[in-house]
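Following: one structure in structure tokens, then a few remarks.
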Amino acid sequence: MTAKQINLALQGGGAHGAFTWGVLDRLLEEPGLEIAAISGTSAGALNGAAVKKGLAHGSVALAQDTLSDLWEAVGAITDPRFASWLDAANPTAISQAIESSLPFQMADTLSRMISPYASGPFYRNPLSDIVNKLHCPELCGSAGPRFFICATNVRSGKIRIFTGNDVSPDAIMASACLPTMFQAVEIPDAITGQPEAYWDGGYAGNPALFPLFAPDLPRDIVIANINPLYRDEVPTTATGIQNRINEISFNSSLLRELRAIEFVQRLLSVGTIPEGAMKHMLIHMVADDGLMRQLSVATKMVATPQVLHQLRAAGRGAADTFLRDHVDRIGIASSVDLVEMFG
């Protein structure tokens with residue numbers, strides 16, 4: 001049986017990227033699927049690099065092991081003997097406890113008052129050890145899925161996509177560079193050779209979908225979404241307001257691209273654009289907004305073993321549901337109703 005090819009689009013969202021870990025862990029086990037390309041931002045870029053590393057060696061098991069190693073380094077506990085204890089934790093209570101804790105409040109306040117450049121020559125990007133361990137020459141090679149990393153150019157505000165030989169530890173760290181926490185990552189421009197400064201890719205593409213429109217890639221894009229698109233309640237607390245601002249900001253670029261896809265689909269369906277003139281993309285989404293609405297920016301910034309465990313389990317469950325309900329639609333039709341989304 002010929003495997004169904006898909007592209008993966010992996011959102012960023014700090015420690016909430018453990019949800020995508022679970023999604024990928026389950027998708028990798030599906031025998032009828034083949035990952036053709038990955039576009040990742042921030043935590044999505046880290047997850048994508050782990051999958052690319054394993055699949056470039058032709059090993060699903062290595063991809064899964066690399067994902068586990070990545071998130072164990074972040075703070076996850078994968079020992080099954082602790083599963084019942086981790087499952088018993090209340091994610092809402094954990095999120096509220098972190099938000100109300102004095103250390104978190106002090107760190108949050110200081111991040112708005114003190115520049116990461118204040119540390120001068122003593123500065124060191126805390127992600128460097130994790131990224132350097134994850135990086136390998138295969139991330140730049142043609143074996144395995146095509147790999148795209150998104151970052152935001154600080155000076156121009158434009159998106160930059162790193163792929164092929166441009167993929168490097170600095171590119172991954174640039175994609176995950178929150179400007180209130182980390183110094184901008186400087187990378188030489190491919191044309192001029194002059195250094196350019198980059199911040200988190202979520203400001204310009206979270207994740208970027210357009211690299212996946214290439215003619216030789218499949219039409220299906222599976223988005224692992226970790227920022228709630230909708231919240232029932234209007235936030236009234238200072239932390240709640242900041243949290244929702246963060247979610248809206250990091251969803252805006254994705255929604256713009258999805259709206260553009262819906263517009264093209266509409267033009268193709270009525271014949272305004274000739275069939276074949278533009279690619280008819282098929283969109284799928286794996287998410288658990290119910291769980292994500294219980295969490296906040298606090299659990300994005302502070303990786304707790306209980307939350308990481310529950311996010312991974314939720315990601316596996318959401319991917320399982322997607323495969324059960326929608327795998328037959330891959331290559332045929334979208335499982336996300338973009339008309340309803342933007343109606």
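In the structure tokens, chains take letters A, B, ... by order of appearance, with residues numbered from 1 within each chain and ligands from 1 in the order shown.
Residues with any atom within 8 Å of Thr180 of chain A, counting only C-alpha atoms and excluding same-chain neighbours fewer than 2 positions away, are Ser111, Arg112, Ser115, Pro116, Leu178 and Phe182 of chain A.
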Selection above as a file: C-alpha atoms, as an mmCIF file, in the first residue's frame:
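What follows is the written file part_11.cif:
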```cif
data_model
loop_
_atom_site.group_PDB
_atom_site.id
_atom_site.type_symbol
_atom_site.label_atom_id
_atom_site.label_comp_id
_atom_site.auth_asym_id
_atom_site.auth_seq_id
_atom_site.Cartn_x
_atom_site.Cartn_y
_atom_site.Cartn_z
ATOM 1 C CA SER A 111 11.543 40.941 32.057
ATOM 2 C CA ARG A 112 9.552 44.122 31.313
ATOM 3 C CA SER A 115 16.899 44.105 29.004
ATOM 4 C CA PRO A 116 18.523 40.711 28.370
ATOM 5 C CA LEU A 178 11.710 35.689 22.875
ATOM 6 C CA PHE A 182 17.015 36.373 25.117
#
```
Determine which residues of segment 36-259 of chain A receive a DSSP assignment of strand (DSSP E), computed from the backbone, and state them as a PyMOL selection string.
chain A and resi 36-41+146-153+159-163+185-188+195-200+220-224
Store the residues of this selection in a file with C-alpha atoms, as a tab-separated table (two decimals), in the first residue's frame.
```
chain	number	residue	atom	x	y	z
A	36	ALA	CA	7.26	14.87	3.36
A	37	ALA	CA	8.08	18.26	4.89
A	38	ILE	CA	8.08	20.09	8.24
A	39	SER	CA	7.68	23.80	8.91
A	40	GLY	CA	8.37	24.69	12.53
A	41	THR	CA	8.58	27.78	14.69
A	146	ARG	CA	12.25	18.75	3.95
A	147	PHE	CA	12.75	21.08	6.93
A	148	PHE	CA	11.87	24.78	7.27
A	149	ILE	CA	12.53	27.01	10.28
A	150	CYS	CA	10.85	30.39	10.73
A	151	ALA	CA	12.39	33.46	12.43
A	152	THR	CA	11.61	37.19	12.46
A	153	ASN	CA	14.13	39.75	11.21
A	159	ILE	CA	9.91	36.58	7.99
A	160	ARG	CA	13.01	34.54	7.23
A	161	ILE	CA	12.84	30.86	6.37
A	162	PHE	CA	15.93	28.78	7.08
A	163	THR	CA	16.20	25.55	5.12
A	185	VAL	CA	20.44	35.90	17.55
A	186	GLU	CA	22.72	37.27	14.84
A	187	ILE	CA	23.15	35.23	11.66
A	188	PRO	CA	25.00	36.34	8.50
A	195	PRO	CA	24.95	39.90	10.28
A	196	GLU	CA	21.19	40.16	10.72
A	197	ALA	CA	19.42	39.99	14.08
A	198	TYR	CA	16.48	37.63	14.61
A	199	TRP	CA	13.71	37.16	17.16
A	200	ASP	CA	11.10	34.47	17.68
A	220	ASP	CA	-2.08	18.10	2.79
A	221	ILE	CA	-0.88	20.25	5.69
A	222	VAL	CA	-1.42	18.92	9.22
A	223	ILE	CA	-1.15	21.79	11.71
A	224	ALA	CA	-0.26	21.01	15.32
```
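Residues surrounding Ala277 of chain A within 12 Å are Pro215, Val264, Gln265, Leu267, Leu268 and Gly271 of chain A [only C-alpha atoms; sequence separation below 6 positions excluded].
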Same residues, all heavy atoms, output as a PDB file, in the first residue's frame:
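The resulting file, result_25.pdb, is reproduced below:
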```
ATOM      1  N   PRO A 215       5.442  22.973  -5.430  1.00  0.00           N
ATOM      2  CA  PRO A 215       4.744  22.044  -6.327  1.00  0.00           C
ATOM      3  C   PRO A 215       5.057  20.577  -6.086  1.00  0.00           C
ATOM      4  O   PRO A 215       4.204  19.715  -6.313  1.00  0.00           O
ATOM      5  CB  PRO A 215       5.221  22.488  -7.725  1.00  0.00           C
ATOM      6  CG  PRO A 215       5.658  23.898  -7.559  1.00  0.00           C
ATOM      7  CD  PRO A 215       6.205  23.995  -6.171  1.00  0.00           C
ATOM      8  N   VAL A 264      -8.172  31.397  -1.985  1.00  0.00           N
ATOM      9  CA  VAL A 264      -7.750  30.713  -3.213  1.00  0.00           C
ATOM     10  C   VAL A 264      -8.647  29.516  -3.501  1.00  0.00           C
ATOM     11  O   VAL A 264      -9.032  29.279  -4.658  1.00  0.00           O
ATOM     12  CB  VAL A 264      -6.268  30.279  -3.097  1.00  0.00           C
ATOM     13  CG1 VAL A 264      -5.891  29.359  -4.260  1.00  0.00           C
ATOM     14  CG2 VAL A 264      -5.362  31.496  -3.068  1.00  0.00           C
ATOM     15  N   GLN A 265      -8.998  28.764  -2.450  1.00  0.00           N
ATOM     16  CA  GLN A 265      -9.895  27.619  -2.639  1.00  0.00           C
ATOM     17  C   GLN A 265     -11.230  28.072  -3.233  1.00  0.00           C
ATOM     18  O   GLN A 265     -11.790  27.408  -4.114  1.00  0.00           O
ATOM     19  CB  GLN A 265     -10.130  26.905  -1.303  1.00  0.00           C
ATOM     20  CG  GLN A 265      -8.941  26.122  -0.789  1.00  0.00           C
ATOM     21  CD  GLN A 265      -9.212  25.483   0.556  1.00  0.00           C
ATOM     22  OE1 GLN A 265     -10.160  25.853   1.253  1.00  0.00           O
ATOM     23  NE2 GLN A 265      -8.382  24.537   0.948  1.00  0.00           N
ATOM     24  N   LEU A 267     -11.814  30.776  -5.084  1.00  0.00           N
ATOM     25  CA  LEU A 267     -11.624  31.171  -6.479  1.00  0.00           C
ATOM     26  C   LEU A 267     -11.481  29.960  -7.396  1.00  0.00           C
ATOM     27  O   LEU A 267     -11.996  29.952  -8.519  1.00  0.00           O
ATOM     28  CB  LEU A 267     -10.390  32.068  -6.596  1.00  0.00           C
ATOM     29  CG  LEU A 267     -10.449  33.425  -5.883  1.00  0.00           C
ATOM     30  CD1 LEU A 267      -9.145  34.186  -6.083  1.00  0.00           C
ATOM     31  CD2 LEU A 267     -11.627  34.254  -6.393  1.00  0.00           C
ATOM     32  N   LEU A 268     -10.808  28.924  -6.916  1.00  0.00           N
ATOM     33  CA  LEU A 268     -10.662  27.705  -7.706  1.00  0.00           C
ATOM     34  C   LEU A 268     -12.009  27.002  -7.888  1.00  0.00           C
ATOM     35  O   LEU A 268     -12.321  26.489  -8.972  1.00  0.00           O
ATOM     36  CB  LEU A 268      -9.668  26.751  -7.040  1.00  0.00           C
ATOM     37  CG  LEU A 268      -8.182  27.132  -7.118  1.00  0.00           C
ATOM     38  CD1 LEU A 268      -7.360  26.282  -6.168  1.00  0.00           C
ATOM     39  CD2 LEU A 268      -7.659  26.976  -8.541  1.00  0.00           C
ATOM     40  N   GLY A 271     -14.127  28.682 -10.507  1.00  0.00           N
ATOM     41  CA  GLY A 271     -13.502  28.793 -11.819  1.00  0.00           C
ATOM     42  C   GLY A 271     -12.889  30.139 -12.116  1.00  0.00           C
ATOM     43  O   GLY A 271     -12.466  30.384 -13.250  1.00  0.00           O
TER      44      GLY A 271
END
```
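The spacing separating atom CA of Gln11 of chain A from atom CA of Ala97 of chain A amounts to 25.5 Å.
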Compile the contact shell of Thr20 of chain A as number ranges by chain: residues with an atom at most 8 Å away, counting only C-alpha atoms, same-chain residues fewer than 4 positions apart removed.
A: 10, 16, 24, 44, 47, 224-226, 312, 315
Output file for the selection above: all heavy atoms, as a compact mmCIF listing (two decimals), in the first residue's frame:
```txt
# COMPACT_ATOMS: atom_id res chain seq x y z
N LEU A 10 4.20 23.08 12.58
CA LEU A 10 4.31 22.94 14.03
C LEU A 10 4.43 24.31 14.69
O LEU A 10 5.43 25.02 14.51
CB LEU A 10 5.52 22.07 14.39
CG LEU A 10 5.65 20.75 13.61
CD1 LEU A 10 6.90 19.99 14.05
CD2 LEU A 10 4.40 19.88 13.80
N HIS A 16 4.56 24.44 26.09
CA HIS A 16 3.35 23.81 25.54
C HIS A 16 3.66 23.01 24.28
O HIS A 16 2.83 22.26 23.79
CB HIS A 16 2.28 24.86 25.23
CG HIS A 16 1.69 25.47 26.47
ND1 HIS A 16 0.65 26.36 26.43
CD2 HIS A 16 2.00 25.31 27.78
CE1 HIS A 16 0.34 26.73 27.67
NE2 HIS A 16 1.16 26.11 28.49
N LEU A 24 3.40 14.20 17.40
CA LEU A 24 4.40 13.61 16.51
C LEU A 24 4.69 12.17 16.88
O LEU A 24 4.86 11.31 16.00
CB LEU A 24 5.69 14.44 16.56
CG LEU A 24 5.58 15.88 16.06
CD1 LEU A 24 6.86 16.65 16.35
CD2 LEU A 24 5.27 15.91 14.57
N GLY A 44 8.18 24.46 17.91
CA GLY A 44 7.90 23.66 16.72
C GLY A 44 9.15 23.37 15.92
O GLY A 44 9.28 22.30 15.30
N ASN A 47 10.95 20.60 17.86
CA ASN A 47 10.28 19.32 17.60
C ASN A 47 10.56 18.83 16.18
O ASN A 47 10.80 17.65 15.95
CB ASN A 47 8.77 19.47 17.80
CG ASN A 47 8.35 19.40 19.25
OD1 ASN A 47 8.85 18.58 20.01
ND2 ASN A 47 7.42 20.26 19.65
N ALA A 224 -0.20 21.30 13.89
CA ALA A 224 -0.26 21.01 15.32
C ALA A 224 -0.41 22.35 16.04
O ALA A 224 0.56 23.11 16.15
CB ALA A 224 0.99 20.28 15.78
N ASN A 225 -1.63 22.63 16.49
CA ASN A 225 -1.96 23.95 17.04
C ASN A 225 -1.93 23.90 18.56
O ASN A 225 -2.62 23.09 19.18
CB ASN A 225 -3.35 24.36 16.55
CG ASN A 225 -3.68 25.78 16.95
OD1 ASN A 225 -2.96 26.70 16.60
ND2 ASN A 225 -4.75 25.96 17.70
N ILE A 226 -1.13 24.79 19.18
CA ILE A 226 -1.01 24.77 20.64
C ILE A 226 -1.43 26.09 21.28
O ILE A 226 -1.32 26.23 22.50
CB ILE A 226 0.41 24.38 21.09
CG1 ILE A 226 1.47 25.32 20.53
CG2 ILE A 226 0.71 22.95 20.70
CD1 ILE A 226 2.88 25.00 21.02
N ARG A 312 1.87 15.92 26.59
CA ARG A 312 2.26 14.85 25.68
C ARG A 312 1.12 13.84 25.51
O ARG A 312 0.80 13.43 24.39
CB ARG A 312 3.50 14.13 26.20
CG ARG A 312 3.92 12.93 25.33
CD ARG A 312 5.18 12.27 25.87
NE ARG A 312 5.59 11.16 25.02
CZ ARG A 312 5.35 9.88 25.29
NH1 ARG A 312 4.68 9.54 26.39
NH2 ARG A 312 5.77 8.93 24.47
N GLY A 315 -1.54 15.32 23.39
CA GLY A 315 -1.13 15.35 21.98
C GLY A 315 -1.29 14.00 21.31
O GLY A 315 -1.78 13.92 20.18
```
